[in-house]
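Undergrad: Below: one structure in structure tokens.
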Amino acid sequence: MLNLLEASHANLQSSICIYLLQLVELVGRSAPVFIPHKIDRLSMVNGATGFESDPIINAFLMHELSHPGVLSIHPFTTISPYASMHDEICRLAVEKRVALVLLHFHRSSDLTGHVRNNNGLRTVNQKVIASAPCSVGLLIDRQASEATFNVTGEFMHHVVVLFFGGGDDREALAYGARMARHPGIGLTVIRFLPSRGIKDDQAERKMDMQMIDEIKTMGSRDPTIRCKEELVGDMENIVQAIRNLDDEACDLVMVGIRHSQWNKVMSEGGLSEWSECPELGVVGDFLATSDFESIFSVLIVKQQDQAGLHAADEYNAPVMHMEDGSTSRHN
């Protein structure tokens, strides 16, 4: 996640505020607790974060120290059942007017290669994707150990955006365009074009073209930004193009969840029938599947939609602050 944060390119023209929410499963009959952690930033100036006992919070605070004035970290912890944990995430997003919620994938591998599934976390992710009041990104972090640097100590990554069109892909591409402004990021956009006619929305197509034109304009000034096209006629062609991503030597692949105009093409290969994680969309599910062997990380994006706007109203519940610093919310 810190690699993604660095790639997001916090700068004086576009600073970043991170609300770091640690999720702790509540076991038993105790009441859920929401804890805002207090940070002594005066001590941080002297190199101490006060969270040495919590390596996750400490790592993010150290990242803030290395980006003074452009990045701020605000840590929280929620202790609640998995069944209602998404409510805490969405309420915090509304309260802080968050633009993007980033989630961890429920499946992870340890150093021995053993795959672990956290079905409780998957339930949380599914509910956040369905009801978040803002855009959502789900990160499959296959390079979690440490950032990639070249011999001079510079941060170097290659990002690929798979672009089929539609709001989710435009959101992914907008994020990729932001990353491309980082001096250590190279961006490749692969635009998929159907070899046969598909039914699409003219307004959507116009917005897609505007974004692609913007990327091409950026690429005309920066040789590290490329836009290429793939002509595909069925899901088999799409799968082969995705498998060829290893030739791009990429570190991160980004794609949207929903591709409604491609439903007919994507459903013909039968891939959706073998879906492991349908909440990620057909392409996202393929990139996330345990059978897909690759070392690059994946960020799957859903753009805020009308349902998210309604959710924002629903999560505008009164907040009561407790004496111990925790908060309790009541509908």
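The chains in the structure tokens are called A, B, ... from first to last as shown; in each chain the residues are counted from 1, and the ligands are counted from 1 in the order shown.
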Within segment 31-258 of chain A, find each residue whose DSSP state, derived from the backbone, is helix (DSSP H, G or I), and express the selection as a PyMOL selection string.

TA: chain A and resi 41-45+55-65+82-95+119-131+167-180+202-221+235-248

Undergrad: I'd like the contact shell of Val160 of chain A - 6 Å cut-off, only C-alpha atoms, skipping same-chain residues fewer than 5 positions apart - returned as JSON, numbers by chain.

TA: {"A": [187, 188, 189, 253]}

Undergrad: Show me a table, sorted first by chain and then by increasing residue number, of the residues of segment 131-229 of chain A having an atom at most 10 Å from segment 278-298 of chain A, each with its shortest atom pair and the distance in Å to one decimal, counting only C-alpha atoms and written as CSV.

TA:
residue,atom,partner,partner_atom,distance
A:Gly137,CA,A:Val298,CA,9.8
A:Leu138,CA,A:Val298,CA,8.1
A:Leu139,CA,A:Val298,CA,5.8
A:Ile140,CA,A:Val298,CA,5.0
A:Asp141,CA,A:Ser297,CA,4.9
A:Arg142,CA,A:Ser297,CA,4.8
A:Gln143,CA,A:Ser297,CA,6.3
A:Ala144,CA,A:Ser297,CA,8.7
A:His158,CA,A:Phe296,CA,9.8
A:Val159,CA,A:Phe296,CA,9.5
A:Val160,CA,A:Val298,CA,9.5
A:Val161,CA,A:Val298,CA,9.9
A:Leu162,CA,A:Val283,CA,9.3

Undergrad: Using only all heavy atoms, please write the residues we just selected to a file, as an mmCIF file, in the first residue's frame.

TA:
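The resulting out_36.cif:
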data_model
loop_
_atom_site.group_PDB
_atom_site.id
_atom_site.type_symbol
_atom_site.label_atom_id
_atom_site.label_comp_id
_atom_site.auth_asym_id
_atom_site.auth_seq_id
_atom_site.Cartn_x
_atom_site.Cartn_y
_atom_site.Cartn_z
ATOM 1 N N GLY A 137 -11.194 1.593 -4.719
ATOM 2 C CA GLY A 137 -10.136 0.828 -5.367
ATOM 3 C C GLY A 137 -9.782 -0.361 -4.501
ATOM 4 O O GLY A 137 -9.659 -0.229 -3.278
ATOM 5 N N LEU A 138 -9.661 -1.535 -5.106
ATOM 6 C CA LEU A 138 -9.260 -2.730 -4.367
ATOM 7 C C LEU A 138 -7.880 -3.147 -4.851
ATOM 8 O O LEU A 138 -7.686 -3.406 -6.037
ATOM 9 C CB LEU A 138 -10.276 -3.853 -4.551
ATOM 10 C CG LEU A 138 -10.027 -5.088 -3.678
ATOM 11 C CD1 LEU A 138 -11.341 -5.673 -3.174
ATOM 12 C CD2 LEU A 138 -9.230 -6.158 -4.419
ATOM 13 N N LEU A 139 -6.926 -3.219 -3.922
ATOM 14 C CA LEU A 139 -5.529 -3.489 -4.261
ATOM 15 C C LEU A 139 -5.169 -4.947 -4.001
ATOM 16 O O LEU A 139 -5.327 -5.447 -2.892
ATOM 17 C CB LEU A 139 -4.599 -2.581 -3.455
ATOM 18 C CG LEU A 139 -3.089 -2.791 -3.679
ATOM 19 C CD1 LEU A 139 -2.705 -2.409 -5.116
ATOM 20 C CD2 LEU A 139 -2.281 -1.980 -2.672
ATOM 21 N N ILE A 140 -4.680 -5.613 -5.041
ATOM 22 C CA ILE A 140 -4.083 -6.937 -4.914
ATOM 23 C C ILE A 140 -2.585 -6.700 -4.922
ATOM 24 O O ILE A 140 -1.974 -6.478 -5.971
ATOM 25 C CB ILE A 140 -4.510 -7.858 -6.069
ATOM 26 C CG1 ILE A 140 -6.031 -7.937 -6.143
ATOM 27 C CG2 ILE A 140 -3.913 -9.246 -5.905
ATOM 28 C CD1 ILE A 140 -6.549 -8.620 -7.391
ATOM 29 N N ASP A 141 -1.990 -6.703 -3.748
ATOM 30 C CA ASP A 141 -0.600 -6.275 -3.579
ATOM 31 C C ASP A 141 0.328 -7.478 -3.655
ATOM 32 O O ASP A 141 0.508 -8.200 -2.684
ATOM 33 C CB ASP A 141 -0.444 -5.546 -2.237
ATOM 34 C CG ASP A 141 0.841 -4.736 -2.174
ATOM 35 O OD1 ASP A 141 1.683 -4.888 -3.087
ATOM 36 O OD2 ASP A 141 1.002 -3.953 -1.224
ATOM 37 N N ARG A 142 0.922 -7.673 -4.819
ATOM 38 C CA ARG A 142 1.858 -8.783 -5.000
ATOM 39 C C ARG A 142 3.301 -8.340 -4.831
ATOM 40 O O ARG A 142 4.217 -9.137 -5.008
ATOM 41 C CB ARG A 142 1.667 -9.403 -6.391
ATOM 42 C CG ARG A 142 0.282 -10.028 -6.589
ATOM 43 C CD ARG A 142 0.189 -10.746 -7.918
ATOM 44 N NE ARG A 142 -1.098 -11.414 -8.053
ATOM 45 C CZ ARG A 142 -1.967 -11.184 -9.039
ATOM 46 N NH1 ARG A 142 -1.670 -10.291 -9.970
ATOM 47 N NH2 ARG A 142 -3.114 -11.834 -9.097
ATOM 48 N N GLN A 143 3.500 -7.056 -4.512
ATOM 49 C CA GLN A 143 4.849 -6.532 -4.291
ATOM 50 C C GLN A 143 4.892 -5.810 -2.956
ATOM 51 O O GLN A 143 5.395 -4.706 -2.828
ATOM 52 C CB GLN A 143 5.243 -5.581 -5.430
ATOM 53 C CG GLN A 143 5.237 -6.243 -6.793
ATOM 54 C CD GLN A 143 5.628 -5.277 -7.892
ATOM 55 O OE1 GLN A 143 5.593 -4.066 -7.731
ATOM 56 N NE2 GLN A 143 6.023 -5.816 -9.035
ATOM 57 N N ALA A 144 4.354 -6.481 -1.939
ATOM 58 C CA ALA A 144 4.147 -5.820 -0.646
ATOM 59 C C ALA A 144 5.410 -5.666 0.170
ATOM 60 O O ALA A 144 5.447 -4.919 1.141
ATOM 61 C CB ALA A 144 3.117 -6.602 0.172
ATOM 62 N N HIS A 158 6.486 0.983 -13.308
ATOM 63 C CA HIS A 158 5.792 1.043 -14.592
ATOM 64 C C HIS A 158 4.342 0.646 -14.356
ATOM 65 O O HIS A 158 4.059 -0.446 -13.859
ATOM 66 C CB HIS A 158 6.448 0.100 -15.603
ATOM 67 C CG HIS A 158 5.790 0.121 -16.953
ATOM 68 N ND1 HIS A 158 5.868 -0.921 -17.846
ATOM 69 C CD2 HIS A 158 5.015 1.067 -17.570
ATOM 70 C CE1 HIS A 158 5.184 -0.629 -18.933
ATOM 71 N NE2 HIS A 158 4.664 0.578 -18.800
ATOM 72 N N VAL A 159 3.418 1.527 -14.695
ATOM 73 C CA VAL A 159 1.992 1.327 -14.481
ATOM 74 C C VAL A 159 1.302 1.107 -15.823
ATOM 75 O O VAL A 159 1.582 1.818 -16.790
ATOM 76 C CB VAL A 159 1.371 2.544 -13.760
ATOM 77 C CG1 VAL A 159 -0.144 2.381 -13.623
ATOM 78 C CG2 VAL A 159 2.007 2.726 -12.384
ATOM 79 N N VAL A 160 0.407 0.128 -15.872
ATOM 80 C CA VAL A 160 -0.380 -0.143 -17.075
ATOM 81 C C VAL A 160 -1.857 -0.004 -16.737
ATOM 82 O O VAL A 160 -2.328 -0.535 -15.727
ATOM 83 C CB VAL A 160 -0.111 -1.568 -17.617
ATOM 84 C CG1 VAL A 160 -1.086 -1.900 -18.746
ATOM 85 C CG2 VAL A 160 1.324 -1.691 -18.107
ATOM 86 N N VAL A 161 -2.593 0.727 -17.558
ATOM 87 C CA VAL A 161 -4.044 0.854 -17.411
ATOM 88 C C VAL A 161 -4.704 0.133 -18.575
ATOM 89 O O VAL A 161 -4.410 0.417 -19.744
ATOM 90 C CB VAL A 161 -4.496 2.328 -17.389
ATOM 91 C CG1 VAL A 161 -6.022 2.406 -17.319
ATOM 92 C CG2 VAL A 161 -3.884 3.058 -16.198
ATOM 93 N N LEU A 162 -5.582 -0.830 -18.257
ATOM 94 C CA LEU A 162 -6.378 -1.515 -19.271
ATOM 95 C C LEU A 162 -7.661 -0.717 -19.466
ATOM 96 O O LEU A 162 -8.444 -0.551 -18.533
ATOM 97 C CB LEU A 162 -6.704 -2.943 -18.833
ATOM 98 C CG LEU A 162 -5.512 -3.821 -18.428
ATOM 99 C CD1 LEU A 162 -5.995 -5.202 -18.022
ATOM 100 C CD2 LEU A 162 -4.491 -3.916 -19.557
#

Undergrad: Expressed in Å to a single decimal, how great is the separation between atom CA of Ser135 of chain A and atom CA of Lys206 of chain A?

TA: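 Distance reported for this atom pair: 21.2 Å.
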
Undergrad: Kindly indicate which residue among A:Ala177, A:Val70, A:Ala241, A:Leu23 lies nearest to Lys216 of chain A, using only C-alpha atoms for the distances.

TA: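 Using only C-alpha atoms, Lys216 of chain A sits closest to A:Ala177.
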
Undergrad: With the cut-off set at 6 Å and counting only C-alpha atoms, tabulate each residue of segment 38-110 of chain A with an atom at most that distance from an atom of segment 17-21 of chain A, showing the nearest atom pair and its distance in Å to one decimal, ordered by chain and increasing number, as a Markdown table.

TA:
| residue | atom | partner | partner_atom | distance |
| --- | --- | --- | --- | --- |
| A:Leu71 | CA | A:Cys17 | CA | 5.9 |
| A:Ser72 | CA | A:Cys17 | CA | 4.9 |
| A:Ile73 | CA | A:Ile18 | CA | 4.9 |
| A:His74 | CA | A:Tyr19 | CA | 4.8 |
| A:Pro75 | CA | A:Leu20 | CA | 4.5 |
| A:Phe76 | CA | A:Leu21 | CA | 4.7 |
| A:Thr77 | CA | A:Leu21 | CA | 5.4 |

Undergrad: Need the shell around Ile225 of chain A: protein/DNA/RNA residues with any atom at most 12 Å away, counting only C-alpha atoms. Skip same-chain ones fewer than 3 positions apart. Format as a count of residues only?

TA: 30

Undergrad: Mind pulling up the distance from atom CA of Glu25 of chain A to atom CA of Met254 of chain A?

TA: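 One can read the atom CA of Met254 of chain A to atom CA of Glu25 of chain A distance as 29.2 Å.
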
Undergrad: Could you list, as an NGL selection string, every residue within 12 Å of Asp208 of chain A, counting only C-alpha atoms and ignoring same-chain residues fewer than 5 positions away?

TA: :A and (163-174 or 191-193 or 200-203 or 213-215)

Undergrad: Could you check the closest approach to His157 of chain A for each of A:Lys38, A:Glu248, A:Glu230, A:Tyr82 and tell me which residue wins, using only C-alpha atoms?

TA: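 When distances to His157 of chain A are compared using only C-alpha atoms, the smallest one comes from A:Glu248.
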
Undergrad: At what distance in Å, to one decimal, does atom CA of Gly120 of chain A lie from atom CA of Asp305 of chain A?

TA: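 Straight-line distance from atom CA of Asp305 of chain A to atom CA of Gly120 of chain A works out to 25.2 Å.
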
Undergrad: Which residue is closest to Leu5 of chain A? Choose from A:His67, A:Lys302, A:Lys127, A:Arg97 and count only C-alpha atoms.

TA: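 Closest to Leu5 of chain A of all the choices is A:His67.
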
Undergrad: I'd like to know which of A:Met207, A:Val265, A:Cys250, A:Ala130 is closest to Asp234 of chain A, using only C-alpha atoms.

TA: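 Among the listed residues, A:Val265 lies closest to Asp234 of chain A.
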
Undergrad: Counting only C-alpha atoms, figure out which residue out of A:Glu6, A:Met1, A:Ser84, A:His63 gets nearest to Ala31 of chain A.

TA: A:Ser84

Undergrad: Can you list, as number ranges by chain, all residues belonging to segment 98-249 of chain A that DSSP tags as strand (DSSP E or B)?

TA: A: 100-104, 107-109, 115-117, 135-140, 149, 155, 157-163, 185-194, 225-232
